[in-house]
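Below is the file start.txt, which contains compact mmCIF, C-alpha atoms and all ligand atoms.
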```txt
# COMPACT_ATOMS: atom_id res chain seq x y z
CA MET A 1 0.00 0.00 0.00
CA ASP A 2 1.43 3.37 -1.04
CA GLY A 3 0.92 6.81 0.39
CA ALA A 4 0.04 7.82 3.94
CA GLN A 5 -1.31 4.83 5.80
CA MET A 6 -2.06 3.28 9.16
CA ASN A 7 0.24 4.38 12.02
CA CYS A 8 2.00 7.06 9.97
CA PRO A 9 2.23 10.29 11.91
CA VAL A 10 -0.10 13.05 10.70
CA LEU A 11 0.66 16.53 12.04
CA ILE A 12 -1.10 19.75 11.20
CA LEU A 13 0.41 23.23 11.46
CA LEU A 14 -2.20 25.94 11.89
CA GLY A 15 -1.52 29.67 11.90
CA PRO A 16 -1.90 32.84 9.85
CA PRO A 17 0.33 33.67 6.89
CA GLY A 18 3.77 34.61 8.22
CA ALA A 19 3.45 32.57 11.41
CA GLY A 20 6.38 30.40 10.32
CA LYS A 21 4.50 27.25 9.27
CA GLY A 22 6.73 26.62 6.25
CA THR A 23 9.99 27.25 8.13
CA GLN A 24 8.97 25.05 11.03
CA ALA A 25 7.56 22.32 8.77
CA ARG A 26 10.88 22.10 6.92
CA MET A 27 12.77 21.80 10.21
CA LEU A 28 10.42 19.07 11.44
CA GLU A 29 10.75 17.31 8.10
CA GLU A 30 14.51 17.13 8.54
CA LYS A 31 14.42 16.19 12.21
CA PHE A 32 11.75 13.49 12.08
CA GLY A 33 12.01 12.25 8.49
CA LEU A 34 8.45 13.32 7.76
CA VAL A 35 7.15 14.82 4.53
CA GLN A 36 6.14 18.49 4.48
CA LEU A 37 2.91 18.90 2.54
CA SER A 38 2.22 22.53 1.72
CA THR A 39 -0.94 23.13 -0.30
CA GLY A 40 0.42 26.62 -1.08
CA ASP A 41 3.52 25.02 -2.69
CA LEU A 42 1.38 22.47 -4.53
CA LEU A 43 -0.87 25.23 -5.86
CA ARG A 44 2.10 27.41 -6.91
CA ALA A 45 3.51 24.39 -8.77
CA ALA A 46 0.12 23.88 -10.46
CA VAL A 47 0.04 27.56 -11.48
CA ALA A 48 3.60 27.32 -12.85
CA ALA A 49 2.75 24.13 -14.76
CA GLY A 50 -0.41 25.72 -16.17
CA THR A 51 -2.69 22.83 -15.16
CA GLU A 52 -6.49 23.32 -15.06
CA ALA A 53 -6.33 23.59 -11.26
CA GLY A 54 -3.47 26.07 -11.55
CA LYS A 55 -5.38 28.23 -14.04
CA ALA A 56 -8.39 28.31 -11.71
CA ALA A 57 -6.26 29.08 -8.65
CA LYS A 58 -3.97 31.82 -10.03
CA ALA A 59 -6.19 34.91 -9.71
CA VAL A 60 -7.64 33.73 -6.39
CA MET A 61 -4.15 33.38 -4.92
CA GLU A 62 -3.06 36.76 -6.25
CA ALA A 63 -6.06 38.34 -4.52
CA GLY A 64 -5.16 36.63 -1.23
CA ASP A 65 -8.43 34.65 -1.13
CA LEU A 66 -8.81 30.93 -0.55
CA VAL A 67 -8.83 28.56 -3.50
CA SER A 68 -11.97 26.38 -3.69
CA ASP A 69 -12.19 23.44 -1.31
CA GLU A 70 -12.80 21.14 -4.26
CA ILE A 71 -9.49 22.00 -5.97
CA VAL A 72 -7.41 21.98 -2.79
CA ILE A 73 -8.84 18.72 -1.45
CA ALA A 74 -8.21 17.00 -4.81
CA ILE A 75 -4.60 18.23 -4.90
CA LEU A 76 -3.99 17.16 -1.32
CA ARG A 77 -5.60 13.75 -1.82
CA ASP A 78 -3.39 13.02 -4.85
CA ARG A 79 -0.24 14.11 -3.05
CA LEU A 80 -1.07 12.05 0.06
CA ALA A 81 -1.34 8.95 -2.11
CA GLU A 82 2.29 9.23 -3.25
CA PRO A 83 4.68 6.66 -1.75
CA ASP A 84 6.91 9.07 0.20
CA CYS A 85 3.92 10.08 2.38
CA ALA A 86 4.11 6.63 3.98
CA LYS A 87 6.83 8.17 6.21
CA GLY A 88 4.24 10.45 7.78
CA VAL A 89 3.26 13.99 6.94
CA ILE A 90 3.27 17.54 8.27
CA LEU A 91 0.39 19.45 6.74
CA ASP A 92 1.36 23.09 6.24
CA GLY A 93 -1.51 25.33 5.15
CA PHE A 94 -4.13 22.58 5.04
CA PRO A 95 -6.86 22.37 6.20
CA ARG A 96 -7.92 26.02 5.97
CA THR A 97 -11.71 25.56 6.16
CA THR A 98 -14.07 23.29 8.09
CA VAL A 99 -15.01 21.55 4.83
CA GLN A 100 -11.33 20.72 4.27
CA ALA A 101 -10.93 19.52 7.87
CA GLU A 102 -13.90 17.19 7.47
CA ALA A 103 -12.57 15.92 4.13
CA LEU A 104 -9.22 15.21 5.80
CA ASP A 105 -10.96 13.30 8.61
CA ALA A 106 -12.78 11.17 6.05
CA LEU A 107 -9.61 10.56 4.06
CA LEU A 108 -7.66 9.51 7.15
CA ALA A 109 -10.52 7.31 8.40
CA SER A 110 -10.50 5.46 5.08
CA THR A 111 -6.83 4.49 5.61
CA GLY A 112 -7.15 3.84 9.35
CA GLN A 113 -5.14 6.90 10.33
CA LYS A 114 -5.54 9.60 12.90
CA ILE A 115 -4.25 13.10 13.50
CA ASN A 116 -1.43 12.98 16.06
CA ALA A 117 -1.45 16.72 16.75
CA ALA A 118 -2.76 20.00 15.35
CA ILE A 119 -0.30 22.69 16.39
CA SER A 120 -1.53 26.27 16.40
CA LEU A 121 1.24 28.85 15.92
CA GLU A 122 0.07 31.95 17.76
CA VAL A 123 1.29 35.35 16.55
CA ASP A 124 0.27 39.02 16.49
CA ASP A 125 -1.35 40.14 13.24
CA ALA A 126 0.53 43.44 13.33
CA ALA A 127 3.90 41.70 13.08
CA MET A 128 2.83 39.51 10.17
CA VAL A 129 2.91 42.22 7.49
CA THR A 130 6.56 43.05 8.30
CA ARG A 131 7.48 39.39 8.46
CA ILE A 132 5.86 38.54 5.14
CA SER A 133 6.87 41.56 3.11
CA GLY A 134 10.57 40.97 3.83
CA ARG A 135 10.74 37.29 3.10
CA PHE A 136 12.26 35.43 0.15
CA THR A 137 13.51 31.93 -0.63
CA CYS A 138 16.42 30.38 -2.46
CA GLY A 139 15.37 29.19 -5.91
CA GLY A 140 17.95 26.40 -5.70
CA CYS A 141 17.16 24.65 -2.42
CA GLY A 142 14.11 26.45 -0.98
CA GLU A 143 15.90 27.81 2.11
CA GLY A 144 13.92 30.71 3.57
CA TYR A 145 15.39 34.19 4.20
CA HIS A 146 14.24 37.60 5.41
CA ASP A 147 15.57 41.11 4.65
CA THR A 148 15.66 42.02 8.36
CA PHE A 149 15.53 38.83 10.40
CA LYS A 150 17.57 36.35 8.36
CA ALA A 151 19.62 37.87 5.57
CA PRO A 152 22.07 35.58 3.72
CA LYS A 153 25.70 36.00 4.84
CA VAL A 154 26.65 37.10 1.30
CA LEU A 155 24.15 39.38 -0.43
CA ASN A 156 21.75 37.43 -2.67
CA THR A 157 23.67 34.18 -2.22
CA CYS A 158 22.19 31.17 -0.48
CA ASP A 159 24.13 30.14 2.67
CA LYS A 160 23.14 26.53 2.10
CA CYS A 161 23.59 25.81 -1.61
CA GLY A 162 25.33 28.91 -3.01
CA SER A 163 22.58 29.67 -5.54
CA THR A 164 22.14 33.34 -6.44
CA GLU A 165 18.57 32.89 -7.63
CA MET A 166 16.31 34.32 -4.93
CA LYS A 167 12.52 34.27 -5.25
CA ARG A 168 9.82 36.47 -3.73
CA ARG A 169 6.20 35.35 -3.79
CA ALA A 170 3.77 37.45 -5.84
CA ASP A 171 1.26 37.43 -2.96
CA ASP A 172 3.76 38.63 -0.33
CA ASN A 173 2.79 42.31 -0.63
CA ALA A 174 1.02 44.43 2.00
CA GLU A 175 -2.34 44.57 0.20
CA THR A 176 -2.62 40.83 -0.45
CA VAL A 177 -1.34 40.03 3.03
CA ALA A 178 -4.29 41.97 4.51
CA SER A 179 -6.73 39.78 2.53
CA ARG A 180 -4.86 36.64 3.51
CA LEU A 181 -5.06 37.57 7.19
CA GLU A 182 -8.77 38.29 6.82
CA ALA A 183 -9.32 34.91 5.16
CA TYR A 184 -7.40 33.28 7.99
CA HIS A 185 -9.52 34.82 10.74
CA ALA A 186 -12.84 34.25 8.98
CA GLN A 187 -12.29 30.75 7.64
CA THR A 188 -9.28 29.05 9.24
CA ALA A 189 -9.17 30.24 12.86
CA PRO A 190 -12.39 28.29 13.70
CA LEU A 191 -10.33 25.12 13.15
CA ILE A 192 -8.49 25.83 16.41
CA GLU A 193 -11.71 24.99 18.25
CA TYR A 194 -12.42 22.10 15.88
CA TYR A 195 -9.15 20.38 16.82
CA ASP A 196 -9.43 21.36 20.48
CA ALA A 197 -12.76 19.51 20.58
CA LYS A 198 -10.99 16.44 19.15
CA GLY A 199 -8.36 16.63 21.91
CA VAL A 200 -5.38 17.04 19.54
CA LEU A 201 -4.76 20.79 19.75
CA GLN A 202 -1.43 22.20 20.95
CA ASN A 203 -0.88 25.96 21.20
CA VAL A 204 2.58 27.42 20.69
CA ASP A 205 3.61 31.06 21.10
CA ALA A 206 5.31 31.67 17.74
CA MET A 207 6.50 35.27 18.27
CA GLY A 208 9.92 34.26 19.59
CA GLU A 209 13.15 33.03 18.07
CA ILE A 210 12.92 30.39 15.30
CA GLY A 211 15.21 27.88 17.05
CA ALA A 212 13.37 28.09 20.38
CA ILE A 213 10.01 27.59 18.65
CA ALA A 214 11.46 24.65 16.71
CA ASP A 215 12.55 23.05 20.00
CA GLN A 216 9.04 23.36 21.40
CA LEU A 217 7.52 21.89 18.24
CA GLY A 218 10.08 19.10 18.30
CA ASP A 219 9.00 18.14 21.83
CA ILE A 220 5.33 18.19 20.84
CA VAL A 221 5.92 16.07 17.75
CA ALA A 222 8.12 13.62 19.65
CA SER A 223 5.47 13.03 22.29
CA ALA A 224 2.55 13.03 19.83
CA THR A 225 4.17 10.38 17.63
CA ARG A 226 5.51 8.16 20.40
P1 LIG B 301 0.44 29.59 1.55
O1 LIG B 301 1.66 29.26 0.77
O2 LIG B 301 0.04 28.51 2.51
O3 LIG B 301 0.54 30.94 2.22
O4 LIG B 301 -0.75 29.71 0.50
C1 LIG B 301 -0.73 30.66 -0.54
C2 LIG B 301 -2.12 30.80 -1.13
O5 LIG B 301 -2.53 29.54 -1.69
C3 LIG B 301 -3.21 31.15 -0.14
O6 LIG B 301 -3.30 32.56 0.09
C4 LIG B 301 -4.44 30.61 -0.86
O7 LIG B 301 -4.84 31.45 -1.92
C5 LIG B 301 -3.91 29.32 -1.48
N1 LIG B 301 -4.04 28.16 -0.56
C6 LIG B 301 -3.05 27.43 0.01
N2 LIG B 301 -3.54 26.44 0.77
C7 LIG B 301 -4.89 26.54 0.68
C8 LIG B 301 -5.96 25.81 1.25
N3 LIG B 301 -5.75 24.77 2.09
N4 LIG B 301 -7.23 26.20 0.94
C9 LIG B 301 -7.46 27.23 0.10
N5 LIG B 301 -6.50 27.98 -0.46
C10 LIG B 301 -5.22 27.64 -0.18
```
Give the structure from the file, written as structure tokens.
Amino acid sequence: MDGAQMNCPVLILLGPPGAGKGTQARMLEEKFGLVQLSTGDLLRAAVAAGTEAGKAAKAVMEAGDLVSDEIVIAILRDRLAEPDCAKGVILDGFPRTTVQAEALDALLASTGQKINAAISLEVDDAAMVTRISGRFTCGGCGEGYHDTFKAPKVLNTCDKCGSTEMKRRADDNAETVASRLEAYHAQTAPLIEYYDAKGVLQNVDAMGEIGAIADQLGDIVASATR
């Protein structure tokens, strides 16, 4: 049997744009050998590839709104069925609506899996615009950087792989960030209660230093997957 299956850890990272879900998911991926599953990355790849889903998602993403549940659930379902997901997954940016959360429950139930933990990264909205508008990633290896908080040692050169191709996301501008935060509060924040009611919620203060937050998440994941 391929894809995510019985007894594979399933972790969810919840939090507004800029909370550090992607950064933390990548660190957990390395530390625990899990697979980071970012629906934002999957959608950006679909847009770049010009697939039907990508064509439908492009304008919605540029406006900072949520892509339809139907498209996102289909993309996630296909990705979860790939063999590497048998190692266990960290969902980054999914689910973002109650419909998606219920679809995930159904999907996991059909393969005898459960959610080990839903970790809510708690941050102040006001800080998110600064965090997001300064961020960029290495086009070579995907390492994340920030103009103020984490600049590369050599200007425009990746510390990790040496690539000089740096990428900024089209939706990382102040106007779109405001819409993304609004979408988060209206449609995604209710999931905090949803997972609390299931007894899997863990809250983490994510305003501090990246390494200290990673240590806290590491402890949560270690005990949730024991
Ligand atoms: P992210 O990379 O997680 O910040 O996502 C970037 C954009 O992709 C979001 O602003 C949405 O437009 C879209 N997106 C990503 N994940 C989802 C999701 N689970 N549901 C709906 N839209 C999503």
(request) Tell me which of A:Gln100, A:Asn173, A:Asn203, A:Ser179 sits closest to A:Arg135, counting only C-alpha atoms. (result)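 Comparing A:Gln100, A:Asn173, A:Asn203, A:Ser179 against A:Arg135, the winner is A:Asn173.
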(request) Using all atoms listed in the file, determine which residues fall within 7 Å of ligand LIG 301 (chain B), then list them as a list in words. (result)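 So, counting all atoms listed in the file, the residues near ligand LIG 301 (chain B) are Pro17, Ser38, Thr39, Gly40, Asp41, Leu43, Val60, Met61, Gly64, Asp65, Leu66, Val67, Ser68, Asp69, Val72, Asp92, Gly93, Phe94, Pro95, Arg96, Thr97 and Arg180 of chain A.
Here the question is which of A:Leu191, A:Ala49, A:Ala86, A:Leu76 gets nearest to A:Leu104 using only C-alpha atoms, and that residue is A:Leu76.
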(message) Would you compute the distance between atom CA of A:Ile73 and atom CA of A:Cys141? Give it in Å to one decimal.
(response)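 We find that atom CA of A:Ile73 and atom CA of A:Cys141 lie 26.7 Å from each other.
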(message) Rounded to one decimal, what separation in Å do you get between atom CA of A:Ile213 and atom CA of A:Leu42?
(response) 25.3 Å
8 Å contact set for stretch 119-128 of chain A, only C-alpha atoms, chain neighbours under 4 positions out, as a tab-separated table (two decimals) with C-alpha atoms, keeping the file's coordinate frame:
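Result went into selection19.tsv, see below:
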```tsv
chain	number	residue	atom	x	y	z
A	11	LEU	CA	0.66	16.53	12.04
A	12	ILE	CA	-1.10	19.75	11.20
A	13	LEU	CA	0.41	23.23	11.46
A	14	LEU	CA	-2.20	25.94	11.89
A	15	GLY	CA	-1.52	29.67	11.90
A	16	PRO	CA	-1.90	32.84	9.85
A	17	PRO	CA	0.33	33.67	6.89
A	18	GLY	CA	3.77	34.61	8.22
A	19	ALA	CA	3.45	32.57	11.41
A	20	GLY	CA	6.38	30.40	10.32
A	21	LYS	CA	4.50	27.25	9.27
A	132	ILE	CA	5.86	38.54	5.14
A	181	LEU	CA	-5.06	37.57	7.19
A	192	ILE	CA	-8.49	25.83	16.41
A	201	LEU	CA	-4.76	20.79	19.75
A	202	GLN	CA	-1.43	22.20	20.95
A	203	ASN	CA	-0.88	25.96	21.20
A	204	VAL	CA	2.58	27.42	20.69
A	205	ASP	CA	3.61	31.06	21.10
A	206	ALA	CA	5.31	31.67	17.74
A	207	MET	CA	6.50	35.27	18.27
```
(request) Can you work out which one of A:Thr51, A:Asn7, A:Thr164, A:Thr98 has the shortest atom-to-atom distance to A:Tyr194, counting only C-alpha atoms? (result)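 When distances to A:Tyr194 are compared using only C-alpha atoms, the smallest one comes from A:Thr98.
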(request) Have a look at A:Gly139, A:Gly22, A:Pro9, A:Gly144 and name the one nearest to A:Lys87; count all atoms listed in the file. (result)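 The shortest atom-to-atom distance to A:Lys87 comes from A:Pro9.
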Using all atoms listed in the file, give me every residue within 10 Å of (17.7, 32.7, 4.4) in file coordinates, as a PDB file with C-alpha atoms, keeping the file's coordinate frame.
```
ATOM      1  CA  ARG A 135      10.740  37.290   3.100  1.00  0.00           C
ATOM      2  CA  PHE A 136      12.260  35.430   0.150  1.00  0.00           C
ATOM      3  CA  THR A 137      13.510  31.930  -0.630  1.00  0.00           C
ATOM      4  CA  CYS A 138      16.420  30.380  -2.460  1.00  0.00           C
ATOM      5  CA  GLY A 142      14.110  26.450  -0.980  1.00  0.00           C
ATOM      6  CA  GLU A 143      15.900  27.810   2.110  1.00  0.00           C
ATOM      7  CA  GLY A 144      13.920  30.710   3.570  1.00  0.00           C
ATOM      8  CA  TYR A 145      15.390  34.190   4.200  1.00  0.00           C
ATOM      9  CA  HIS A 146      14.240  37.600   5.410  1.00  0.00           C
ATOM     10  CA  ASP A 147      15.570  41.110   4.650  1.00  0.00           C
ATOM     11  CA  PHE A 149      15.530  38.830  10.400  1.00  0.00           C
ATOM     12  CA  LYS A 150      17.570  36.350   8.360  1.00  0.00           C
ATOM     13  CA  ALA A 151      19.620  37.870   5.570  1.00  0.00           C
ATOM     14  CA  PRO A 152      22.070  35.580   3.720  1.00  0.00           C
ATOM     15  CA  LYS A 153      25.700  36.000   4.840  1.00  0.00           C
ATOM     16  CA  ASN A 156      21.750  37.430  -2.670  1.00  0.00           C
ATOM     17  CA  THR A 157      23.670  34.180  -2.220  1.00  0.00           C
ATOM     18  CA  CYS A 158      22.190  31.170  -0.480  1.00  0.00           C
ATOM     19  CA  ASP A 159      24.130  30.140   2.670  1.00  0.00           C
ATOM     20  CA  LYS A 160      23.140  26.530   2.100  1.00  0.00           C
ATOM     21  CA  MET A 166      16.310  34.320  -4.930  1.00  0.00           C
TER      22      MET A 166
END
```
(message) Show me, as a list in words, the residues that have an atom within 9 Å of A:Ala46 when counting all atoms listed in the file, minus same-chain residues fewer than 5 positions from it.
(response) Asp41, Thr51, Glu52, Ala53, Gly54, Lys55, Ala57 and Lys58 of chain A
Resulting file, chosen residues, C-alpha atoms, as a PDB file, keeping the file's coordinate frame:
```
ATOM      1  CA  ASP A  41       3.520  25.020  -2.690  1.00  0.00           C
ATOM      2  CA  THR A  51      -2.690  22.830 -15.160  1.00  0.00           C
ATOM      3  CA  GLU A  52      -6.490  23.320 -15.060  1.00  0.00           C
ATOM      4  CA  ALA A  53      -6.330  23.590 -11.260  1.00  0.00           C
ATOM      5  CA  GLY A  54      -3.470  26.070 -11.550  1.00  0.00           C
ATOM      6  CA  LYS A  55      -5.380  28.230 -14.040  1.00  0.00           C
ATOM      7  CA  ALA A  57      -6.260  29.080  -8.650  1.00  0.00           C
ATOM      8  CA  LYS A  58      -3.970  31.820 -10.030  1.00  0.00           C
TER       9      LYS A  58
END
```
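Using all atoms listed in the file, the shortest contact distance between A:Arg168 and any of A:Gly134, A:Val129, A:Ala117, A:Ala56 is found at A:Gly134.
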(message) From the options A:Asp84, A:Arg77, A:Gly140, A:Val221, which residue's atoms come nearest to A:Ala106, counting only C-alpha atoms?
(response)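 Closest residue, counting only C-alpha atoms: A:Arg77.
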(message) Between atom CA of A:Val35 and atom CA of A:Thr130, what distance in Å does the model show, to one decimal?
(response)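 Atom CA of A:Thr130 lies at a distance of 28.5 Å from atom CA of A:Val35.
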(request) Within 12 Å of A:Ala222, counting all atoms listed in the file, which residues show up once you throw out same-chain ones fewer than 2 positions away? Write them as a PyMOL selection string, please. (result) chain A and resi 9+11+28+31-34+116-117+214-220+224-226
